[in-house]
$ cat entry11.tsv   # TSV, C-alpha atoms and all ligand atoms
chain	number	residue	atom	x	y	z
A	1	MET	CA	-20.00	-27.01	23.05
A	2	GLN	CA	-17.38	-24.37	22.26
A	3	LYS	CA	-17.40	-23.45	18.55
A	4	GLY	CA	-14.13	-24.32	16.80
A	5	LEU	CA	-11.57	-21.73	15.72
A	6	LEU	CA	-11.21	-20.51	12.16
A	7	ILE	CA	-7.50	-20.52	11.32
A	8	ILE	CA	-6.11	-18.89	8.18
A	9	LEU	CA	-2.69	-20.03	6.99
A	10	SER	CA	-1.18	-17.96	4.16
A	11	GLY	CA	2.24	-17.41	2.70
A	12	PRO	CA	3.93	-17.27	-0.68
A	13	SER	CA	3.82	-20.23	-3.03
A	14	GLY	CA	6.49	-22.75	-2.10
A	15	VAL	CA	7.10	-21.43	1.44
A	16	GLY	CA	5.96	-24.76	2.88
A	17	LYS	CA	2.31	-24.27	3.86
A	18	GLY	CA	1.25	-27.75	2.73
A	19	THR	CA	4.24	-29.40	4.41
A	20	VAL	CA	3.75	-27.56	7.72
A	21	ARG	CA	0.01	-28.24	7.59
A	22	ALA	CA	0.63	-31.99	7.16
A	23	LYS	CA	2.81	-31.89	10.29
A	24	LEU	CA	0.17	-30.00	12.27
A	25	MET	CA	-2.58	-32.42	11.21
A	26	GLN	CA	-0.59	-35.25	12.86
A	27	ASP	CA	-1.11	-33.58	16.25
A	28	GLU	CA	-4.55	-34.86	17.24
A	29	SER	CA	-4.63	-32.71	20.37
A	30	LEU	CA	-5.09	-29.64	18.13
A	31	ASN	CA	-8.43	-31.00	16.90
A	32	LEU	CA	-7.78	-29.63	13.40
A	33	CYS	CA	-9.79	-30.12	10.25
A	34	TYR	CA	-8.49	-28.99	6.88
A	35	SER	CA	-10.94	-27.19	4.62
A	36	ILE	CA	-10.60	-28.61	1.09
A	37	SER	CA	-10.77	-25.79	-1.44
A	38	MET	CA	-12.17	-25.74	-4.94
A	39	THR	CA	-9.85	-24.80	-7.81
A	40	THR	CA	-9.74	-24.53	-11.58
A	41	ARG	CA	-6.00	-25.26	-11.74
A	42	GLY	CA	-4.78	-28.51	-13.28
A	43	ILE	CA	-4.22	-31.51	-11.04
A	44	ARG	CA	-0.53	-32.19	-10.19
A	45	PRO	CA	0.98	-35.67	-10.23
A	46	GLY	CA	0.27	-37.25	-6.85
A	47	GLU	CA	-2.80	-35.12	-6.15
A	48	GLU	CA	-6.28	-36.60	-5.87
A	49	ASN	CA	-9.64	-34.96	-6.54
A	50	GLY	CA	-11.36	-34.38	-3.20
A	51	ARG	CA	-8.14	-34.73	-1.16
A	52	GLU	CA	-5.88	-31.74	-2.01
A	53	TYR	CA	-8.67	-29.85	-3.83
A	54	TYR	CA	-11.95	-30.27	-5.61
A	55	PHE	CA	-10.74	-29.79	-9.18
A	56	VAL	CA	-13.48	-28.17	-11.25
A	57	SER	CA	-13.98	-26.39	-14.58
A	58	ARG	CA	-14.24	-22.59	-14.78
A	59	GLU	CA	-17.96	-22.92	-15.53
A	60	GLU	CA	-18.56	-25.04	-12.43
A	61	PHE	CA	-16.51	-22.63	-10.30
A	62	GLU	CA	-18.46	-19.62	-11.56
A	63	LYS	CA	-21.73	-21.43	-10.84
A	64	GLN	CA	-20.60	-22.04	-7.22
A	65	VAL	CA	-19.75	-18.34	-6.85
A	66	GLN	CA	-23.11	-17.25	-8.29
A	67	GLU	CA	-24.99	-19.60	-5.99
A	68	GLY	CA	-23.19	-18.07	-2.99
A	69	ASN	CA	-21.61	-21.36	-1.95
A	70	LEU	CA	-18.09	-19.99	-1.31
A	71	LEU	CA	-16.96	-18.21	1.86
A	72	GLU	CA	-14.31	-16.46	-0.25
A	73	HIS	CA	-12.65	-16.88	-3.61
A	74	ALA	CA	-9.76	-15.33	-5.50
A	75	GLU	CA	-7.77	-15.60	-8.69
A	76	PHE	CA	-4.14	-16.68	-8.28
A	77	VAL	CA	-1.75	-16.74	-11.26
A	78	GLY	CA	-4.51	-17.42	-13.78
A	79	ASN	CA	-6.67	-19.85	-11.78
A	80	TYR	CA	-9.61	-19.55	-9.39
A	81	TYR	CA	-9.48	-20.88	-5.84
A	82	GLY	CA	-12.28	-20.79	-3.26
A	83	THR	CA	-13.44	-22.08	0.13
A	84	PRO	CA	-16.74	-24.02	0.26
A	85	LYS	CA	-18.83	-22.30	2.92
A	86	SER	CA	-21.20	-24.90	4.38
A	87	LYS	CA	-18.48	-27.38	5.39
A	88	VAL	CA	-16.51	-24.76	7.35
A	89	GLU	CA	-19.54	-23.77	9.41
A	90	GLU	CA	-20.62	-27.38	9.97
A	91	LEU	CA	-17.16	-28.38	11.27
A	92	ARG	CA	-16.82	-25.33	13.52
A	93	GLU	CA	-20.26	-26.04	15.01
A	94	GLN	CA	-18.97	-29.55	15.80
A	95	GLY	CA	-16.15	-27.93	17.77
A	96	LYS	CA	-13.43	-28.60	15.18
A	97	ASN	CA	-10.70	-26.03	14.59
A	98	VAL	CA	-10.89	-25.42	10.84
A	99	LEU	CA	-7.71	-24.61	8.92
A	100	LEU	CA	-7.92	-22.63	5.66
A	101	GLU	CA	-4.77	-22.58	3.54
A	102	ILE	CA	-5.50	-19.63	1.27
A	103	GLU	CA	-3.81	-16.71	-0.51
A	104	ILE	CA	-3.84	-13.10	0.66
A	105	ASN	CA	-6.90	-11.67	-1.13
A	106	GLY	CA	-9.14	-14.49	0.01
A	107	ALA	CA	-7.62	-14.22	3.50
A	108	GLN	CA	-8.59	-10.54	3.66
A	109	THR	CA	-12.18	-11.42	2.74
A	110	VAL	CA	-12.30	-13.97	5.55
A	111	MET	CA	-10.73	-11.52	8.04
A	112	GLU	CA	-13.48	-9.00	7.20
A	113	LYS	CA	-16.29	-11.57	7.43
A	114	CYS	CA	-14.88	-13.31	10.53
A	115	PRO	CA	-12.83	-10.83	12.60
A	116	ASP	CA	-12.14	-13.50	15.22
A	117	ALA	CA	-10.27	-15.68	12.67
A	118	VAL	CA	-6.72	-16.57	13.75
A	119	SER	CA	-4.60	-15.39	10.80
A	120	ILE	CA	-1.06	-16.69	10.34
A	121	PHE	CA	1.45	-15.73	7.63
A	122	LEU	CA	4.28	-18.16	6.95
A	123	VAL	CA	7.54	-16.61	5.69
A	124	PRO	CA	10.68	-18.17	4.17
A	125	PRO	CA	14.18	-17.50	5.59
A	126	SER	CA	15.03	-15.65	2.31
A	127	MET	CA	13.91	-15.22	-1.31
A	128	GLU	CA	16.72	-17.57	-2.32
A	129	ALA	CA	15.38	-20.27	-0.01
A	130	LEU	CA	11.87	-19.72	-1.39
A	131	GLU	CA	13.07	-20.09	-4.98
A	132	ALA	CA	14.97	-23.26	-4.10
A	133	ARG	CA	11.83	-24.71	-2.48
A	134	ILE	CA	9.57	-23.93	-5.45
A	135	ARG	CA	12.13	-25.39	-7.86
A	136	GLY	CA	12.79	-28.38	-5.61
A	137	ARG	CA	9.10	-29.27	-5.67
A	138	SER	CA	9.30	-29.64	-9.50
A	139	THR	CA	5.58	-29.15	-10.00
A	140	GLU	CA	5.54	-25.98	-12.14
A	141	ASN	CA	7.04	-24.97	-15.47
A	142	GLU	CA	9.56	-22.08	-15.68
A	143	GLU	CA	6.93	-19.50	-16.67
A	144	THR	CA	4.70	-20.39	-13.72
A	145	ILE	CA	7.70	-20.44	-11.34
A	146	GLN	CA	8.62	-16.89	-12.44
A	147	LYS	CA	5.02	-15.69	-12.00
A	148	ARG	CA	4.78	-17.25	-8.54
A	149	LEU	CA	8.13	-15.73	-7.47
A	150	ALA	CA	7.09	-12.28	-8.70
A	151	LYS	CA	3.83	-12.64	-6.80
A	152	ALA	CA	5.73	-13.77	-3.67
A	153	ARG	CA	7.78	-10.53	-3.60
A	154	GLY	CA	4.56	-8.52	-3.37
A	155	GLU	CA	2.97	-10.87	-0.86
A	156	LEU	CA	5.94	-10.74	1.52
A	157	THR	CA	5.35	-7.00	2.05
A	158	LYS	CA	1.83	-7.75	3.36
A	159	SER	CA	2.55	-9.95	6.35
A	160	GLY	CA	1.34	-7.06	8.59
A	161	LEU	CA	-2.26	-7.86	7.62
A	162	TYR	CA	-2.03	-11.05	9.68
A	163	LYS	CA	-2.25	-11.45	13.46
A	164	PHE	CA	0.82	-13.74	13.50
A	165	THR	CA	3.93	-14.20	11.35
A	166	VAL	CA	5.79	-17.51	11.57
A	167	LEU	CA	9.22	-18.26	10.07
A	168	ASN	CA	9.45	-21.59	8.24
A	169	ASP	CA	13.14	-22.25	8.81
A	170	SER	CA	12.45	-25.86	9.67
A	171	VAL	CA	9.14	-27.68	9.36
A	172	ASP	CA	9.32	-28.79	13.02
A	173	ASN	CA	9.95	-25.25	14.28
A	174	ALA	CA	7.20	-23.72	12.17
A	175	ALA	CA	4.66	-26.39	13.11
A	176	ALA	CA	5.56	-26.03	16.80
A	177	ALA	CA	5.16	-22.23	16.63
A	178	ILE	CA	1.74	-22.56	14.97
A	179	ALA	CA	0.66	-25.22	17.49
A	180	ARG	CA	1.57	-22.78	20.30
A	181	ILE	CA	-0.52	-20.05	18.67
A	182	ILE	CA	-3.51	-22.39	18.29
A	183	ARG	CA	-3.24	-23.59	21.91
A	184	SER	CA	-3.05	-20.04	23.24
A	185	GLN	CA	-6.13	-19.05	21.20
A	186	ILE	CA	-8.07	-22.08	22.47
A	187	ALA	CA	-7.13	-21.13	26.04
A	188	LYS	CA	-8.32	-17.54	25.39
A	189	GLU	CA	-11.73	-18.75	24.14
A	190	ASN	CA	-12.34	-20.83	27.26
B	201	LIG	P1	3.35	-24.43	-0.35
B	201	LIG	O1	2.23	-25.34	0.09
B	201	LIG	O2	3.53	-23.25	0.53
B	201	LIG	O3	3.27	-24.03	-1.80
B	201	LIG	P2	5.01	-26.84	-0.04
B	201	LIG	O4	4.54	-27.34	1.28
B	201	LIG	O5	4.55	-27.54	-1.27
B	201	LIG	O6	4.71	-25.25	-0.19
B	201	LIG	O7	6.60	-26.82	0.02
B	201	LIG	C1	7.40	-26.47	-1.11
B	201	LIG	C2	8.68	-27.29	-1.08
B	201	LIG	O8	9.50	-26.83	0.00
B	201	LIG	C3	8.44	-28.78	-0.85
B	201	LIG	O9	9.31	-29.51	-1.70
B	201	LIG	C4	8.76	-28.97	0.62
B	201	LIG	O10	9.27	-30.27	0.88
B	201	LIG	C5	9.85	-27.92	0.86
B	201	LIG	N1	9.88	-27.39	2.24
B	201	LIG	C6	8.83	-27.06	3.02
B	201	LIG	N2	9.26	-26.59	4.22
B	201	LIG	C7	10.60	-26.61	4.19
B	201	LIG	C8	11.63	-26.25	5.12
B	201	LIG	N3	11.35	-25.75	6.35
B	201	LIG	N4	12.92	-26.42	4.75
B	201	LIG	C9	13.22	-26.90	3.52
B	201	LIG	N5	12.31	-27.26	2.59
B	201	LIG	C10	11.01	-27.12	2.91
B	202	LIG	P1	-1.40	-24.05	-5.32
B	202	LIG	O1	-1.75	-23.92	-6.78
B	202	LIG	O2	0.10	-23.92	-5.09
B	202	LIG	O3	-2.00	-25.27	-4.67
B	202	LIG	O4	-2.06	-22.80	-4.56
B	202	LIG	C1	-1.82	-21.50	-5.01
B	202	LIG	C2	-2.28	-20.51	-3.95
B	202	LIG	O5	-3.71	-20.58	-3.79
B	202	LIG	C3	-1.70	-20.77	-2.57
B	202	LIG	O6	-1.31	-19.52	-2.01
B	202	LIG	C4	-2.86	-21.36	-1.80
B	202	LIG	O7	-2.78	-21.11	-0.42
B	202	LIG	C5	-4.01	-20.60	-2.42
B	202	LIG	N1	-5.32	-21.23	-2.20
B	202	LIG	C6	-5.62	-22.55	-2.08
B	202	LIG	N2	-6.92	-22.72	-1.84
B	202	LIG	C7	-7.48	-21.48	-1.78
B	202	LIG	C8	-8.81	-21.00	-1.53
B	202	LIG	O8	-9.76	-21.72	-1.30
B	202	LIG	N3	-8.97	-19.65	-1.56
B	202	LIG	C9	-7.95	-18.78	-1.81
B	202	LIG	N4	-8.24	-17.49	-1.79
B	202	LIG	N5	-6.70	-19.20	-2.02
B	202	LIG	C10	-6.46	-20.53	-2.02

$ encode --input "entry11.tsv" --output "structure tokens"
Amino acid sequence: MQKGLLIILSGPSGVGKGTVRAKLMQDESLNLCYSISMTTRGIRPGEENGREYYFVSREEFEKQVQEGNLLEHAEFVGNYYGTPKSKVEELREQGKNVLLEIEINGAQTVMEKCPDAVSIFLVPPSMEALEARIRGRSTENEETIQKRLAKARGELTKSGLYKFTVLNDSVDNAAAAIARIIRSQIAKEN
């Protein structure tokens, strides 16, 4: 059986990664599996442990790093985030295309470890649109919003690190563009 693709989806906080991912997951023909990350950040209303993330303490996270259980990990605005390694490999061996939704530093680690990873950077139509989306989500306080926006300005200069850049003007357009990329990569592998 053909091993599944490793797909990295990055982009600034609030650009719409989670929303576009949910749309892509509805398309069964893409054979996608989402890799659930581990994080030390607090759980948001509506989130569930083991669905959006595995929410763990700093001590537990550090233990996982020391034991070598994470494919990559990074700190983002004061919290740790990381990708559990064994699950990704297991799913790819089963032929699933595994989607990682991770920030830039972790993405660079994965690109180095897995040069064949399909890396995609999602960009907003403008900084104003990005700010409106972060605020519209109403999940962060003002201080965190400001930190995430400042971080986004830096991140947007680094889209060149990725194999593909996709504009999230509408969720349907962005999901369709990513689906095309995934299909063309699957065709290339066969
Ligand atoms: P991320 O996962 O990148 O942090 P989210 O998926 O949580 O971002 O999206 C942030 C907010 O922007 C959400 O309220 C979402 O509904 C909204 N959003 C996402 N994509 C679009 C879009 N194309 N146009 C307008 N709003 C969007
Ligand atoms: P949020 O707190 O908004 O859910 O995520 C903050 C940032 O962390 C986002 O850019 C998200 O993609 C990233 N992120 C989520 N999981 C991981 C992970 O496992 N590793 C890394 N490096 N970044 C992650």

$ closest_residue --input "entry11.tsv" --among "A:Phe55, A:Phe121, A:Phe164, A:Tyr80" --to "ligand LIG 201 (chain B)" --atoms "all atoms listed in the file"
A:Phe121

$ residues_around --input "entry11.tsv" --residues "Asn105 in chain A" --least-positions-apart "4" --cutoff "9 Å" --atoms "only C-alpha atoms" --output "PDB file with C-alpha atoms, in the coordinates of the input"
ATOM      1  CA  GLU A  72     -14.310 -16.460  -0.250  1.00  0.00           C
ATOM      2  CA  HIS A  73     -12.650 -16.880  -3.610  1.00  0.00           C
ATOM      3  CA  ALA A  74      -9.760 -15.330  -5.500  1.00  0.00           C
ATOM      4  CA  GLU A  75      -7.770 -15.600  -8.690  1.00  0.00           C
ATOM      5  CA  THR A 109     -12.180 -11.420   2.740  1.00  0.00           C
ATOM      6  CA  VAL A 110     -12.300 -13.970   5.550  1.00  0.00           C
TER       7      VAL A 110
END

$ atom_distance --input "entry11.tsv" --atom1 "CA of Ser138 in chain A" --atom2 "atom O5 of ligand LIG 201 (chain B)"
9.7 Å

$ residues_around --input "entry11.tsv" --residues "Ile43 in chain A" --least-positions-apart "2" --cutoff "10 Å" --atoms "only C-alpha atoms" --output "list of chain:residue names"
A:Thr39, A:Thr40, A:Arg41, A:Pro45, A:Gly46, A:Glu47, A:Glu48, A:Asn49, A:Glu52, A:Tyr53, A:Tyr54, A:Phe55, A:Val56

$ write_last_selection --input "entry11.tsv" --atoms "C-alpha atoms" --output "PDB file, in the frame of the given file"
ATOM      1  CA  THR A  39      -9.850 -24.800  -7.810  1.00  0.00           C
ATOM      2  CA  THR A  40      -9.740 -24.530 -11.580  1.00  0.00           C
ATOM      3  CA  ARG A  41      -6.000 -25.260 -11.740  1.00  0.00           C
ATOM      4  CA  PRO A  45       0.980 -35.670 -10.230  1.00  0.00           C
ATOM      5  CA  GLY A  46       0.270 -37.250  -6.850  1.00  0.00           C
ATOM      6  CA  GLU A  47      -2.800 -35.120  -6.150  1.00  0.00           C
ATOM      7  CA  GLU A  48      -6.280 -36.600  -5.870  1.00  0.00           C
ATOM      8  CA  ASN A  49      -9.640 -34.960  -6.540  1.00  0.00           C
ATOM      9  CA  GLU A  52      -5.880 -31.740  -2.010  1.00  0.00           C
ATOM     10  CA  TYR A  53      -8.670 -29.850  -3.830  1.00  0.00           C
ATOM     11  CA  TYR A  54     -11.950 -30.270  -5.610  1.00  0.00           C
ATOM     12  CA  PHE A  55     -10.740 -29.790  -9.180  1.00  0.00           C
ATOM     13  CA  VAL A  56     -13.480 -28.170 -11.250  1.00  0.00           C
TER      14      VAL A  56
END

$ residues_around --input "entry11.tsv" --residues "Ile7 in chain A" --least-positions-apart "6" --cutoff "8 Å" --atoms "all atoms listed in the file" --output "PyMOL selection string"
chain A and resi 97-100+117-120

$ write_last_selection --input "entry11.tsv" --atoms "C-alpha atoms" --output "PDB file, in the frame of the given file"
ATOM      1  CA  ASN A  97     -10.700 -26.030  14.590  1.00  0.00           C
ATOM      2  CA  VAL A  98     -10.890 -25.420  10.840  1.00  0.00           C
ATOM      3  CA  LEU A  99      -7.710 -24.610   8.920  1.00  0.00           C
ATOM      4  CA  LEU A 100      -7.920 -22.630   5.660  1.00  0.00           C
ATOM      5  CA  ALA A 117     -10.270 -15.680  12.670  1.00  0.00           C
ATOM      6  CA  VAL A 118      -6.720 -16.570  13.750  1.00  0.00           C
ATOM      7  CA  SER A 119      -4.600 -15.390  10.800  1.00  0.00           C
ATOM      8  CA  ILE A 120      -1.060 -16.690  10.340  1.00  0.00           C
TER       9      ILE A 120
END

$ closest_atom_pairs --input "entry11.tsv" --of "chain A" --to "ligand LIG 201 (chain B)" --cutoff "9 Å" --atoms "all atoms listed in the file" --output "CSV"
residue,atom,partner,partner_atom,distance
A:Ser10,CA,B:LIG201,O2,8.0
A:Gly11,CA,B:LIG201,O2,6.4
A:Pro12,CA,B:LIG201,O2,6.1
A:Ser13,CA,B:LIG201,O3,4.0
A:Gly14,CA,B:LIG201,O3,3.5
A:Val15,CA,B:LIG201,O2,4.1
A:Gly16,CA,B:LIG201,O6,3.4
A:Lys17,CA,B:LIG201,O2,3.7
A:Gly18,CA,B:LIG201,O4,3.6
A:Thr19,CA,B:LIG201,O4,3.8
A:Val20,CA,B:LIG201,O4,6.5
A:Arg21,CA,B:LIG201,O4,7.8
A:Ala22,CA,B:LIG201,O4,8.5
A:Glu101,CA,B:LIG201,O1,8.3
A:Leu122,CA,B:LIG201,O2,8.2
A:Pro124,CA,B:LIG201,N3,7.9
A:Pro125,CA,B:LIG201,N3,8.8
A:Ala129,CA,B:LIG201,C9,7.8
A:Leu130,CA,B:LIG201,O8,7.6
A:Ala132,CA,B:LIG201,O8,7.7
A:Arg133,CA,B:LIG201,O8,4.0
A:Ile134,CA,B:LIG201,C1,5.5
A:Arg135,CA,B:LIG201,C2,7.8
A:Gly136,CA,B:LIG201,O9,5.4
A:Arg137,CA,B:LIG201,O9,4.0
A:Ser138,CA,B:LIG201,O9,7.8
A:Thr139,CA,B:LIG201,O5,8.9
A:Leu167,CA,B:LIG201,N3,8.6
A:Asn168,CA,B:LIG201,N3,4.9
A:Asp169,CA,B:LIG201,N3,4.6
A:Ser170,CA,B:LIG201,N3,3.5
A:Val171,CA,B:LIG201,N3,4.2
A:Asp172,CA,B:LIG201,N3,7.6
A:Asn173,CA,B:LIG201,N3,8.1
A:Ala174,CA,B:LIG201,N3,7.4

$ atom_distance --input "entry11.tsv" --atom1 "CA of Phe61 in chain A" --atom2 "atom N3 of ligand LIG 202 (chain B)"
11.9 Å

$ axis_aligned_box --input "entry11.tsv" --around "range 158-162 of chain A" --padding-each-side "5 Å" --output "AutoDock Vina command-line options"
--center_x 0.1 --center_y -9.1 --center_z 6.5 --size_x 14.8 --size_y 14.0 --size_z 16.3

$ closest_residue --input "entry11.tsv" --among "A:Val77, A:Arg58, A:Cys33, A:Ala177" --to "Ala150 in chain A" --atoms "only C-alpha atoms"
A:Val77

$ atom_distance --input "entry11.tsv" --atom1 "atom N3 of ligand LIG 202 (chain B)" --atom2 "CA of Ser35 in chain A"
9.9 Å

$ closest_residue --input "entry11.tsv" --among "A:Glu89, A:Lys96, A:Gly50, A:Ile145" --to "Ser29 in chain A" --atoms "only C-alpha atoms"
A:Lys96

$ decode --input "entry11.tsv" --residues "range 128-139 of chain A" --atoms "N, CA and C atoms" --output "mmCIF file, in the first residue's frame"
data_model
loop_
_atom_site.group_PDB
_atom_site.id
_atom_site.type_symbol
_atom_site.label_atom_id
_atom_site.label_comp_id
_atom_site.auth_asym_id
_atom_site.auth_seq_id
_atom_site.Cartn_x
_atom_site.Cartn_y
_atom_site.Cartn_z
ATOM 1 N N GLU A 128 -6.013 43.733 8.162
ATOM 2 C CA GLU A 128 -7.295 44.178 8.739
ATOM 3 C C GLU A 128 -8.266 42.996 8.827
ATOM 4 N N ALA A 129 -8.296 42.209 7.759
ATOM 5 C CA ALA A 129 -9.195 41.037 7.755
ATOM 6 C C ALA A 129 -8.768 40.054 8.838
ATOM 7 N N LEU A 130 -7.439 39.893 8.999
ATOM 8 C CA LEU A 130 -6.946 38.959 10.015
ATOM 9 C C LEU A 130 -7.379 39.419 11.406
ATOM 10 N N GLU A 131 -7.201 40.716 11.667
ATOM 11 C CA GLU A 131 -7.577 41.241 12.986
ATOM 12 C C GLU A 131 -9.070 41.038 13.236
ATOM 13 N N ALA A 132 -9.872 41.316 12.214
ATOM 14 C CA ALA A 132 -11.329 41.146 12.359
ATOM 15 C C ALA A 132 -11.669 39.689 12.662
ATOM 16 N N ARG A 133 -10.941 38.760 12.045
ATOM 17 C CA ARG A 133 -11.231 37.330 12.277
ATOM 18 C C ARG A 133 -10.845 36.926 13.698
ATOM 19 N N ILE A 134 -9.668 37.371 14.158
ATOM 20 C CA ILE A 134 -9.258 37.010 15.528
ATOM 21 C C ILE A 134 -10.259 37.582 16.527
ATOM 22 N N ARG A 135 -10.639 38.846 16.312
ATOM 23 C CA ARG A 135 -11.582 39.481 17.250
ATOM 24 C C ARG A 135 -12.955 38.820 17.159
ATOM 25 N N GLY A 136 -13.356 38.493 15.954
ATOM 26 C CA GLY A 136 -14.679 37.890 15.738
ATOM 27 C C GLY A 136 -14.811 36.545 16.420
ATOM 28 N N ARG A 137 -13.670 35.860 16.589
ATOM 29 C CA ARG A 137 -13.710 34.533 17.221
ATOM 30 C C ARG A 137 -13.955 34.649 18.722
ATOM 31 N N SER A 138 -13.596 35.807 19.299
ATOM 32 C CA SER A 138 -13.855 36.099 20.736
ATOM 33 C C SER A 138 -13.327 35.040 21.689
ATOM 34 N N THR A 139 -12.146 34.506 21.399
ATOM 35 C CA THR A 139 -11.620 33.461 22.286
ATOM 36 C C THR A 139 -10.430 33.954 23.108
#
